[in-house]
$ cat entry-v4.txt   # compact mmCIF, C-alpha atoms
# COMPACT_ATOMS: atom_id res chain seq x y z
CA MET A 1 -138.21 101.96 -32.13
CA SER A 2 -140.48 104.26 -34.09
CA GLU A 3 -139.52 107.68 -35.37
CA LEU A 4 -142.99 108.99 -34.56
CA ASP A 5 -142.93 112.62 -33.40
CA PRO A 6 -142.29 112.33 -29.63
CA GLU A 7 -144.95 114.94 -28.94
CA ILE A 8 -147.55 112.76 -30.65
CA ALA A 9 -146.15 109.55 -29.15
CA ARG A 10 -146.51 111.09 -25.70
CA ARG A 11 -150.20 111.78 -26.29
CA LEU A 12 -151.23 108.36 -27.62
CA LYS A 13 -153.02 105.91 -25.34
CA ARG A 14 -152.25 102.53 -26.86
CA ASN A 15 -153.99 99.28 -25.99
CA ARG A 16 -151.98 96.49 -24.41
CA ASP A 17 -150.83 95.42 -27.86
CA GLY A 18 -149.42 98.90 -28.45
CA LEU A 19 -152.12 99.83 -30.95
CA VAL A 20 -154.66 102.58 -31.50
CA CYS A 21 -157.87 102.17 -33.45
CA ALA A 22 -158.12 103.97 -36.81
CA VAL A 23 -161.53 104.83 -38.25
CA VAL A 24 -161.11 105.54 -41.94
CA ILE A 25 -163.56 107.88 -43.66
CA GLU A 26 -163.83 108.84 -47.31
CA HIS A 27 -163.39 112.55 -47.95
CA SER A 28 -165.73 112.78 -50.94
CA THR A 29 -168.66 110.93 -49.35
CA SER A 30 -168.01 111.16 -45.57
CA ARG A 31 -168.69 107.41 -45.43
CA VAL A 32 -166.90 105.14 -42.96
CA LEU A 33 -164.82 102.86 -45.19
CA MET A 34 -163.17 100.56 -42.66
CA VAL A 35 -161.59 100.29 -39.24
CA ALA A 36 -157.98 99.22 -38.84
CA TRP A 37 -155.18 99.50 -36.29
CA MET A 38 -151.93 101.43 -36.09
CA ASP A 39 -148.82 101.11 -33.98
CA ASP A 40 -146.46 104.07 -33.61
CA GLU A 41 -144.54 103.21 -36.77
CA ALA A 42 -147.68 102.82 -38.88
CA LEU A 43 -148.86 106.22 -37.68
CA HIS A 44 -145.43 107.73 -38.34
CA ARG A 45 -145.44 106.43 -41.92
CA THR A 46 -149.04 107.50 -42.47
CA LEU A 47 -148.29 111.04 -41.28
CA THR A 48 -145.06 111.42 -43.24
CA THR A 49 -146.00 109.71 -46.53
CA ARG A 50 -149.79 110.37 -46.62
CA ARG A 51 -150.17 106.74 -47.69
CA ALA A 52 -152.42 104.95 -45.20
CA THR A 53 -150.34 102.37 -43.36
CA TYR A 54 -151.73 99.99 -40.76
CA PHE A 55 -150.60 97.24 -38.42
CA SER A 56 -151.99 93.80 -39.21
CA ARG A 57 -152.99 92.08 -35.99
CA SER A 58 -153.20 88.70 -37.72
CA ARG A 59 -149.83 88.92 -39.49
CA GLY A 60 -148.06 91.08 -36.93
CA THR A 61 -146.63 93.34 -39.64
CA LEU A 62 -147.16 96.76 -41.14
CA TRP A 63 -149.11 96.99 -44.39
CA VAL A 64 -149.55 99.83 -46.79
CA LYS A 65 -153.19 99.86 -47.83
CA GLY A 66 -153.45 98.92 -51.51
CA GLU A 67 -149.84 97.82 -51.81
CA THR A 68 -150.89 94.63 -53.54
CA SER A 69 -154.48 95.43 -54.61
CA GLY A 70 -153.77 98.94 -55.89
CA HIS A 71 -156.69 100.19 -53.76
CA THR A 72 -154.63 102.83 -52.01
CA GLN A 73 -155.68 105.55 -49.62
CA HIS A 74 -154.26 109.05 -49.89
CA VAL A 75 -154.46 110.57 -46.44
CA ARG A 76 -155.88 114.07 -46.26
CA GLU A 77 -156.24 114.51 -42.50
CA VAL A 78 -155.63 112.63 -39.24
CA ARG A 79 -157.31 113.49 -35.95
CA LEU A 80 -156.96 112.04 -32.45
CA ASP A 81 -160.02 111.67 -30.23
CA CYS A 82 -160.60 113.03 -26.72
CA ASP A 83 -159.35 109.78 -25.13
CA ALA A 84 -156.27 109.72 -27.40
CA ASP A 85 -156.89 106.08 -28.25
CA THR A 86 -158.68 106.45 -31.59
CA LEU A 87 -157.65 108.09 -34.86
CA LEU A 88 -159.98 109.52 -37.49
CA VAL A 89 -158.27 109.18 -40.86
CA ARG A 90 -159.80 111.06 -43.77
CA VAL A 91 -158.74 109.65 -47.12
CA ASP A 92 -159.22 109.74 -50.86
CA GLN A 93 -159.94 106.09 -51.65
CA THR A 94 -158.86 104.49 -54.92
CA GLY A 95 -161.16 101.59 -55.81
CA PRO A 96 -163.01 99.59 -53.17
CA ALA A 97 -161.79 99.87 -49.58
CA CYS A 98 -162.94 96.38 -48.55
CA HIS A 99 -161.01 93.23 -49.40
CA THR A 100 -164.32 91.68 -50.46
CA GLY A 101 -164.57 94.21 -53.29
CA SER A 102 -167.29 96.27 -51.61
CA HIS A 103 -166.78 100.00 -51.45
CA THR A 104 -166.88 99.95 -47.66
CA CYS A 105 -166.49 97.13 -45.13
CA PHE A 106 -170.07 97.74 -43.98
CA ASP A 107 -171.87 97.34 -47.33
CA GLY A 108 -174.43 94.63 -48.04
CA ASP A 109 -177.83 93.70 -46.63
CA GLU A 110 -176.32 90.74 -44.78
CA ARG A 111 -174.32 93.20 -42.64
CA VAL A 112 -177.43 94.92 -41.24
CA LEU A 113 -178.12 93.82 -37.65
CA LEU A 114 -180.78 96.49 -37.05
CA ALA A 115 -182.60 98.21 -39.90
CA ASP A 116 -183.60 101.86 -40.03
CA GLN A 117 -187.34 102.01 -39.47
CA GLU A 118 -187.63 105.06 -41.70
CA ALA A 119 -185.51 103.69 -44.53
CA MET B 1 -175.13 85.28 -20.00
CA SER B 2 -176.48 87.65 -22.62
CA GLU B 3 -179.81 87.30 -24.36
CA LEU B 4 -178.27 88.47 -27.63
CA ASP B 5 -179.81 86.73 -30.65
CA PRO B 6 -177.73 83.52 -30.97
CA GLU B 7 -177.49 84.02 -34.71
CA ILE B 8 -175.79 87.39 -34.18
CA ALA B 9 -173.72 86.11 -31.25
CA ARG B 10 -172.40 83.34 -33.48
CA ARG B 11 -171.19 85.86 -36.08
CA LEU B 12 -169.38 88.28 -33.72
CA LYS B 13 -165.60 88.15 -33.48
CA ARG B 14 -164.87 89.59 -30.05
CA ASN B 15 -161.45 90.70 -28.80
CA ARG B 16 -159.91 88.92 -25.85
CA ASP B 17 -161.94 91.11 -23.51
CA GLY B 18 -165.13 89.91 -25.20
CA LEU B 19 -165.75 93.26 -26.91
CA VAL B 20 -166.37 94.59 -30.39
CA CYS B 21 -165.57 98.12 -31.51
CA ALA B 22 -168.53 100.44 -32.22
CA VAL B 23 -168.09 103.40 -34.54
CA VAL B 24 -170.94 105.83 -33.94
CA ILE B 25 -172.07 108.10 -36.75
CA GLU B 26 -174.66 110.83 -36.76
CA HIS B 27 -177.52 110.25 -39.17
CA SER B 28 -178.19 113.90 -40.00
CA THR B 29 -174.58 114.86 -40.73
CA SER B 30 -172.81 111.52 -41.45
CA ARG B 31 -170.10 112.63 -39.02
CA VAL B 32 -168.22 110.18 -36.82
CA LEU B 33 -169.27 111.14 -33.29
CA MET B 34 -167.26 108.71 -31.16
CA VAL B 35 -165.92 105.21 -30.85
CA ALA B 36 -166.94 102.96 -27.98
CA TRP B 37 -167.09 99.26 -27.17
CA MET B 38 -169.86 96.71 -26.77
CA ASP B 39 -170.07 93.29 -25.20
CA ASP B 40 -172.91 90.93 -26.14
CA GLU B 41 -175.28 92.38 -23.56
CA ALA B 42 -174.61 95.98 -24.62
CA LEU B 43 -175.34 95.02 -28.22
CA HIS B 44 -178.46 93.12 -27.17
CA ARG B 45 -179.80 96.14 -25.30
CA THR B 46 -178.86 98.50 -28.13
CA LEU B 47 -180.69 96.35 -30.69
CA THR B 48 -183.79 95.80 -28.57
CA THR B 49 -184.22 99.28 -27.03
CA ARG B 50 -182.66 101.49 -29.76
CA ARG B 51 -180.91 103.35 -26.94
CA ALA B 52 -177.15 103.20 -27.53
CA THR B 53 -175.60 101.12 -24.75
CA TYR B 54 -171.89 100.49 -24.39
CA PHE B 55 -169.44 98.64 -22.19
CA SER B 56 -167.09 100.85 -20.19
CA ARG B 57 -163.61 99.36 -20.26
CA SER B 58 -162.50 101.56 -17.37
CA ARG B 59 -165.46 100.85 -15.09
CA GLY B 60 -166.17 97.33 -16.32
CA THR B 61 -169.91 98.05 -16.54
CA LEU B 62 -172.60 98.76 -19.10
CA TRP B 63 -173.61 102.37 -19.66
CA VAL B 64 -176.53 103.83 -21.52
CA LYS B 65 -175.23 106.82 -23.43
CA GLY B 66 -176.72 110.00 -21.98
CA GLU B 67 -178.16 108.28 -18.90
CA THR B 68 -176.70 110.97 -16.64
CA SER B 69 -175.93 113.77 -19.14
CA GLY B 70 -179.17 113.52 -21.11
CA HIS B 71 -177.10 113.39 -24.30
CA THR B 72 -178.74 110.23 -25.53
CA GLN B 73 -178.41 108.42 -28.83
CA HIS B 74 -181.44 106.99 -30.60
CA VAL B 75 -180.18 104.13 -32.73
CA ARG B 76 -181.43 104.07 -36.31
CA GLU B 77 -179.25 101.31 -37.78
CA VAL B 78 -176.52 98.87 -36.76
CA ARG B 79 -174.19 97.17 -39.23
CA LEU B 80 -171.42 94.60 -38.77
CA ASP B 81 -168.26 94.83 -40.85
CA CYS B 82 -166.68 92.18 -43.09
CA ASP B 83 -164.43 90.97 -40.26
CA ALA B 84 -167.39 90.84 -37.82
CA ASP B 85 -165.37 92.68 -35.18
CA THR B 86 -166.63 96.23 -35.73
CA LEU B 87 -170.10 97.74 -35.57
CA LEU B 88 -171.29 100.83 -37.39
CA VAL B 89 -174.00 102.47 -35.29
CA ARG B 90 -176.06 105.20 -36.94
CA VAL B 91 -177.77 107.44 -34.41
CA ASP B 92 -179.78 110.57 -33.84
CA GLN B 93 -177.67 112.42 -31.28
CA THR B 94 -179.22 114.64 -28.61
CA GLY B 95 -176.77 117.36 -27.54
CA PRO B 96 -173.01 116.89 -27.76
CA ALA B 97 -171.69 113.35 -28.11
CA CYS B 98 -168.38 114.04 -26.37
CA HIS B 99 -168.01 114.22 -22.60
CA THR B 100 -165.94 117.39 -23.13
CA GLY B 101 -169.02 119.14 -24.53
CA SER B 102 -167.81 119.02 -28.14
CA HIS B 103 -170.24 117.75 -30.72
CA THR B 104 -167.89 114.93 -31.68
CA CYS B 105 -164.90 113.38 -29.90
CA PHE B 106 -162.67 114.52 -32.77
CA ASP B 107 -163.46 118.26 -32.72
CA GLY B 108 -160.89 120.96 -32.00
CA ASP B 109 -157.68 122.12 -33.64
CA GLU B 110 -155.60 120.44 -30.94
CA ARG B 111 -156.88 117.07 -32.16
CA VAL B 112 -155.44 117.49 -35.66
CA LEU B 113 -152.28 115.40 -36.12
CA LEU B 114 -152.10 115.94 -39.88
CA ALA B 115 -153.87 118.84 -41.59
CA ASP B 116 -155.61 118.74 -44.93
CA GLN B 117 -153.37 120.55 -47.40
CA GLU B 118 -156.37 121.77 -49.35
CA ALA B 119 -158.33 122.97 -46.37

$ encode --input "entry-v4.txt" --output "structure tokens"
Amino acid sequence: MSELDPEIARRLKRNRDGLVCAVVIEHSTSRVLMVAWMDDEALHRTLTTRRATYFSRSRGTLWVKGETSGHTQHVREVRLDCDADTLLVRVDQTGPACHTGSHTCFDGDERVLLADQEA
Amino acid sequence: MSELDPEIARRLKRNRDGLVCAVVIEHSTSRVLMVAWMDDEALHRTLTTRRATYFSRSRGTLWVKGETSGHTQHVREVRLDCDADTLLVRVDQTGPACHTGSHTCFDGDERVLLADQEA
């Protein structure tokens, strides 16, 4: 049972695994760093500690971002979208956000599926 | 059966509904406009027409963004993340992106779950 604020818990529209999508953006650059997932407890901890905490779908456990790597995220702001199933998490990122060592999880030419014609 | 480029189809890691998450950002402002979902055919059409096309989980059908509202998205760039389960779609947005009439799906004070202490 999560201690998440009941008012917030009432608003959330979770998927069938009990999760909401979290889009993580960097405050200083406005770049999208990564996308992760939160259950109620991960959101509760994120809101109360300002340390970004997610739910690992592969491991089935909570994880504090950077707990082992040191690449932590200090949470400045959290917003809920119009459908109440997606969070926008604005952070100050320490070090690279991606486990590959890239600054974001979208960096690298090999990740481009469609290139900007004007770029 | 989708006509999506087999090379791209091979890379995608779809959820159990056959979908990948699409984070949509505005080229001119770098803001996150919305989050939607794509199946292979939605991605194929998005890549080949540069008109953002999504899969509606509620209706179970494809939808071209702005088809009825006129609030279309011209797609400049599409990137796949390190886990190959999330797309970053950079668009030129015509009109508001949100069905509520807000520019983004995250606008409005009522959507703030945690406020920026420095704001």

$ interface_residues --input "entry-v4.txt" --of "chain A" --to "chain B" --cutoff "6 Å" --atoms "all atoms listed in the file" --output "list in words"
Arg76, Glu77, Val78, Arg79, Leu80, Asp81, Cys82, Cys105, Phe106, Arg111, Val112, Leu113, Leu114, Ala115 and Asp116 of chain A

$ residues_around --input "entry-v4.txt" --residues "stretch 55-65 of chain B" --least-positions-apart "4" --cutoff "6 Å" --atoms "all atoms listed in the file" --output "JSON, numbers by chain"
{"B": [37, 38, 72]}

$ calpha_fit_and_write --input "entry-v4.txt" --fixed "chain B" --moving "chain A" --output "CSV table (one decimal) with C-alpha atoms, in the coordinates of the input"
chain,number,residue,atom,x,y,z
A,1,MET,CA,-175.1,85.3,-20.0
A,2,SER,CA,-176.5,87.6,-22.6
A,3,GLU,CA,-179.8,87.3,-24.4
A,4,LEU,CA,-178.3,88.5,-27.6
A,5,ASP,CA,-179.8,86.7,-30.6
A,6,PRO,CA,-177.7,83.5,-31.0
A,7,GLU,CA,-177.5,84.0,-34.7
A,8,ILE,CA,-175.8,87.4,-34.2
A,9,ALA,CA,-173.7,86.1,-31.3
A,10,ARG,CA,-172.4,83.3,-33.5
A,11,ARG,CA,-171.2,85.9,-36.1
A,12,LEU,CA,-169.4,88.3,-33.7
A,13,LYS,CA,-165.6,88.1,-33.5
A,14,ARG,CA,-164.9,89.6,-30.1
A,15,ASN,CA,-161.5,90.7,-28.8
A,16,ARG,CA,-159.9,88.9,-25.9
A,17,ASP,CA,-161.9,91.1,-23.5
A,18,GLY,CA,-165.1,89.9,-25.2
A,19,LEU,CA,-165.7,93.3,-26.9
A,20,VAL,CA,-166.4,94.6,-30.4
A,21,CYS,CA,-165.6,98.1,-31.5
A,22,ALA,CA,-168.5,100.4,-32.2
A,23,VAL,CA,-168.1,103.4,-34.5
A,24,VAL,CA,-170.9,105.8,-33.9
A,25,ILE,CA,-172.1,108.1,-36.8
A,26,GLU,CA,-174.7,110.8,-36.8
A,27,HIS,CA,-177.5,110.2,-39.2
A,28,SER,CA,-178.2,113.9,-40.0
A,29,THR,CA,-174.6,114.8,-40.7
A,30,SER,CA,-172.8,111.5,-41.4
A,31,ARG,CA,-170.1,112.6,-39.0
A,32,VAL,CA,-168.2,110.2,-36.8
A,33,LEU,CA,-169.3,111.1,-33.3
A,34,MET,CA,-167.3,108.7,-31.2
A,35,VAL,CA,-165.9,105.2,-30.9
A,36,ALA,CA,-166.9,103.0,-28.0
A,37,TRP,CA,-167.1,99.3,-27.2
A,38,MET,CA,-169.9,96.7,-26.8
A,39,ASP,CA,-170.1,93.3,-25.2
A,40,ASP,CA,-172.9,90.9,-26.1
A,41,GLU,CA,-175.3,92.4,-23.6
A,42,ALA,CA,-174.6,96.0,-24.6
A,43,LEU,CA,-175.3,95.0,-28.2
A,44,HIS,CA,-178.5,93.1,-27.2
A,45,ARG,CA,-179.8,96.2,-25.3
A,46,THR,CA,-178.9,98.5,-28.1
A,47,LEU,CA,-180.7,96.4,-30.7
A,48,THR,CA,-183.8,95.8,-28.6
A,49,THR,CA,-184.2,99.3,-27.0
A,50,ARG,CA,-182.7,101.5,-29.8
A,51,ARG,CA,-180.9,103.4,-26.9
A,52,ALA,CA,-177.1,103.2,-27.5
A,53,THR,CA,-175.6,101.1,-24.8
A,54,TYR,CA,-171.9,100.5,-24.4
A,55,PHE,CA,-169.4,98.6,-22.2
A,56,SER,CA,-167.1,100.8,-20.2
A,57,ARG,CA,-163.6,99.4,-20.3
A,58,SER,CA,-162.5,101.6,-17.4
A,59,ARG,CA,-165.5,100.8,-15.1
A,60,GLY,CA,-166.2,97.3,-16.3
A,61,THR,CA,-169.9,98.0,-16.5
A,62,LEU,CA,-172.6,98.7,-19.1
A,63,TRP,CA,-173.6,102.4,-19.7
A,64,VAL,CA,-176.5,103.8,-21.5
A,65,LYS,CA,-175.2,106.8,-23.4
A,66,GLY,CA,-176.7,110.0,-22.0
A,67,GLU,CA,-178.2,108.3,-18.9
A,68,THR,CA,-176.7,111.0,-16.7
A,69,SER,CA,-175.9,113.8,-19.1
A,70,GLY,CA,-179.2,113.5,-21.1
A,71,HIS,CA,-177.1,113.4,-24.3
A,72,THR,CA,-178.7,110.2,-25.5
A,73,GLN,CA,-178.4,108.4,-28.8
A,74,HIS,CA,-181.4,107.0,-30.6
A,75,VAL,CA,-180.2,104.1,-32.7
A,76,ARG,CA,-181.4,104.1,-36.3
A,77,GLU,CA,-179.3,101.3,-37.8
A,78,VAL,CA,-176.5,98.9,-36.8
A,79,ARG,CA,-174.2,97.2,-39.2
A,80,LEU,CA,-171.4,94.6,-38.8
A,81,ASP,CA,-168.2,94.8,-40.8
A,82,CYS,CA,-166.7,92.2,-43.1
A,83,ASP,CA,-164.4,90.9,-40.3
A,84,ALA,CA,-167.4,90.8,-37.8
A,85,ASP,CA,-165.4,92.7,-35.2
A,86,THR,CA,-166.6,96.2,-35.7
A,87,LEU,CA,-170.1,97.7,-35.6
A,88,LEU,CA,-171.3,100.8,-37.4
A,89,VAL,CA,-174.0,102.5,-35.3
A,90,ARG,CA,-176.0,105.2,-36.9
A,91,VAL,CA,-177.8,107.4,-34.4
A,92,ASP,CA,-179.8,110.6,-33.8
A,93,GLN,CA,-177.7,112.4,-31.3
A,94,THR,CA,-179.2,114.6,-28.6
A,95,GLY,CA,-176.8,117.4,-27.5
A,96,PRO,CA,-173.0,116.9,-27.7
A,97,ALA,CA,-171.7,113.3,-28.1
A,98,CYS,CA,-168.4,114.0,-26.4
A,99,HIS,CA,-168.0,114.2,-22.6
A,100,THR,CA,-165.9,117.4,-23.1
A,101,GLY,CA,-169.0,119.1,-24.5
A,102,SER,CA,-167.8,119.0,-28.1
A,103,HIS,CA,-170.2,117.8,-30.7
A,104,THR,CA,-167.9,114.9,-31.7
A,105,CYS,CA,-164.9,113.4,-29.9
A,106,PHE,CA,-162.7,114.5,-32.8
A,107,ASP,CA,-163.5,118.3,-32.7
A,108,GLY,CA,-160.9,121.0,-32.0
A,109,ASP,CA,-157.7,122.1,-33.6
A,110,GLU,CA,-155.6,120.5,-30.9
A,111,ARG,CA,-156.9,117.1,-32.1
A,112,VAL,CA,-155.4,117.5,-35.7
A,113,LEU,CA,-152.3,115.4,-36.1
A,114,LEU,CA,-152.1,116.0,-39.9
A,115,ALA,CA,-153.9,118.9,-41.6
A,116,ASP,CA,-155.6,118.7,-44.9
A,117,GLN,CA,-153.4,120.5,-47.4
A,118,GLU,CA,-156.4,121.7,-49.4
A,119,ALA,CA,-158.4,122.9,-46.4

$ atom_distance --input "entry-v4.txt" --atom1 "atom CA of A:Gln73" --atom2 "atom CA of A:Lys13"
24.4 Å

$ closest_residue --input "entry-v4.txt" --among "A:Ala97, A:His103, A:Asp92, A:Thr68" --to "A:Ser28" --atoms "all atoms listed in the file"
A:Asp92

$ atom_distance --input "entry-v4.txt" --atom1 "atom CA of B:Gln93" --atom2 "atom CA of A:Val20"
25.0 Å

$ atom_distance --input "entry-v4.txt" --atom1 "atom CA of B:Leu12" --atom2 "atom CA of B:Asp40"
8.8 Å

$ axis_aligned_box --input "entry-v4.txt" --around "stretch 74-88 of chain A" --padding-each-side "5 Å" --output "lines of an AutoDock Vina configuration file"
center_x = -157.4
center_y = 110.3
center_z = -37.5
size_x = 16.3
size_y = 18.4
size_z = 34.8

$ residues_around --input "entry-v4.txt" --residues "A:His44" --least-positions-apart "4" --cutoff "9 Å" --atoms "only C-alpha atoms" --output "compact mmCIF listing (two decimals) with C-alpha atoms, in the coordinates of the input"
# COMPACT_ATOMS: atom_id res chain seq x y z
CA SER A 2 -140.48 104.26 -34.09
CA GLU A 3 -139.52 107.68 -35.37
CA LEU A 4 -142.99 108.99 -34.56
CA ASP A 5 -142.93 112.62 -33.40
CA ASP A 39 -148.82 101.11 -33.98
CA ASP A 40 -146.46 104.07 -33.61
CA THR A 48 -145.06 111.42 -43.24
CA THR A 49 -146.00 109.71 -46.53
CA THR A 53 -150.34 102.37 -43.36

$ decode --input "entry-v4.txt" --residues "stretch 9-25 of chain B" --atoms "N, CA, C and O atoms" --output "mmCIF file, in the first residue's frame"
data_model
loop_
_atom_site.group_PDB
_atom_site.id
_atom_site.type_symbol
_atom_site.label_atom_id
_atom_site.label_comp_id
_atom_site.auth_asym_id
_atom_site.auth_seq_id
_atom_site.Cartn_x
_atom_site.Cartn_y
_atom_site.Cartn_z
ATOM 1 N N ALA B 9 11.298 -2.518 -38.037
ATOM 2 C CA ALA B 9 10.378 -3.426 -37.333
ATOM 3 C C ALA B 9 11.148 -4.421 -36.466
ATOM 4 O O ALA B 9 10.725 -4.759 -35.360
ATOM 5 N N ARG B 10 12.292 -4.847 -36.954
ATOM 6 C CA ARG B 10 13.123 -5.801 -36.222
ATOM 7 C C ARG B 10 13.667 -5.185 -34.928
ATOM 8 O O ARG B 10 13.844 -5.866 -33.921
ATOM 9 N N ARG B 11 13.920 -3.873 -34.958
ATOM 10 C CA ARG B 11 14.517 -3.217 -33.783
ATOM 11 C C ARG B 11 13.502 -2.917 -32.689
ATOM 12 O O ARG B 11 13.857 -2.856 -31.519
ATOM 13 N N LEU B 12 12.240 -2.661 -33.057
ATOM 14 C CA LEU B 12 11.233 -2.194 -32.097
ATOM 15 C C LEU B 12 10.945 -3.212 -31.010
ATOM 16 O O LEU B 12 10.773 -4.401 -31.289
ATOM 17 N N LYS B 13 10.850 -2.718 -29.775
ATOM 18 C CA LYS B 13 10.400 -3.566 -28.671
ATOM 19 C C LYS B 13 9.012 -3.077 -28.256
ATOM 20 O O LYS B 13 8.876 -2.122 -27.504
ATOM 21 N N ARG B 14 8.008 -3.775 -28.759
ATOM 22 C CA ARG B 14 6.618 -3.368 -28.519
ATOM 23 C C ARG B 14 6.125 -3.897 -27.172
ATOM 24 O O ARG B 14 6.604 -4.931 -26.709
ATOM 25 N N ASN B 15 5.133 -3.222 -26.582
ATOM 26 C CA ASN B 15 4.512 -3.764 -25.373
ATOM 27 C C ASN B 15 3.551 -4.886 -25.774
ATOM 28 O O ASN B 15 3.431 -5.227 -26.950
ATOM 29 N N ARG B 16 2.866 -5.453 -24.795
ATOM 30 C CA ARG B 16 2.076 -6.643 -25.143
ATOM 31 C C ARG B 16 0.864 -6.313 -26.001
ATOM 32 O O ARG B 16 0.212 -7.220 -26.533
ATOM 33 N N ASP B 17 0.581 -5.004 -26.157
ATOM 34 C CA ASP B 17 -0.461 -4.595 -27.092
ATOM 35 C C ASP B 17 0.109 -4.271 -28.471
ATOM 36 O O ASP B 17 -0.619 -3.792 -29.353
ATOM 37 N N GLY B 18 1.427 -4.486 -28.628
ATOM 38 C CA GLY B 18 2.047 -4.241 -29.930
ATOM 39 C C GLY B 18 2.384 -2.784 -30.175
ATOM 40 O O GLY B 18 2.558 -2.369 -31.324
ATOM 41 N N LEU B 19 2.482 -2.007 -29.092
ATOM 42 C CA LEU B 19 2.663 -0.556 -29.231
ATOM 43 C C LEU B 19 3.995 -0.085 -28.650
ATOM 44 O O LEU B 19 4.545 -0.707 -27.737
ATOM 45 N N VAL B 20 4.472 1.037 -29.187
ATOM 46 C CA VAL B 20 5.579 1.755 -28.571
ATOM 47 C C VAL B 20 5.085 3.152 -28.205
ATOM 48 O O VAL B 20 4.169 3.699 -28.819
ATOM 49 N N CYS B 21 5.701 3.700 -27.174
ATOM 50 C CA CYS B 21 5.346 5.017 -26.651
ATOM 51 C C CYS B 21 5.979 6.090 -27.540
ATOM 52 O O CYS B 21 7.121 5.941 -27.967
ATOM 53 N N ALA B 22 5.243 7.148 -27.832
ATOM 54 C CA ALA B 22 5.767 8.249 -28.645
ATOM 55 C C ALA B 22 5.684 9.554 -27.852
ATOM 56 O O ALA B 22 4.595 10.018 -27.531
ATOM 57 N N VAL B 23 6.836 10.113 -27.556
ATOM 58 C CA VAL B 23 6.902 11.418 -26.890
ATOM 59 C C VAL B 23 7.039 12.468 -27.981
ATOM 60 O O VAL B 23 7.965 12.398 -28.794
ATOM 61 N N VAL B 24 6.106 13.413 -27.993
ATOM 62 C CA VAL B 24 6.045 14.374 -29.093
ATOM 63 C C VAL B 24 6.533 15.728 -28.610
ATOM 64 O O VAL B 24 5.978 16.298 -27.658
ATOM 65 N N ILE B 25 7.590 16.233 -29.243
ATOM 66 C CA ILE B 25 8.125 17.533 -28.852
ATOM 67 C C ILE B 25 8.001 18.516 -30.002
ATOM 68 O O ILE B 25 8.010 18.156 -31.178
#
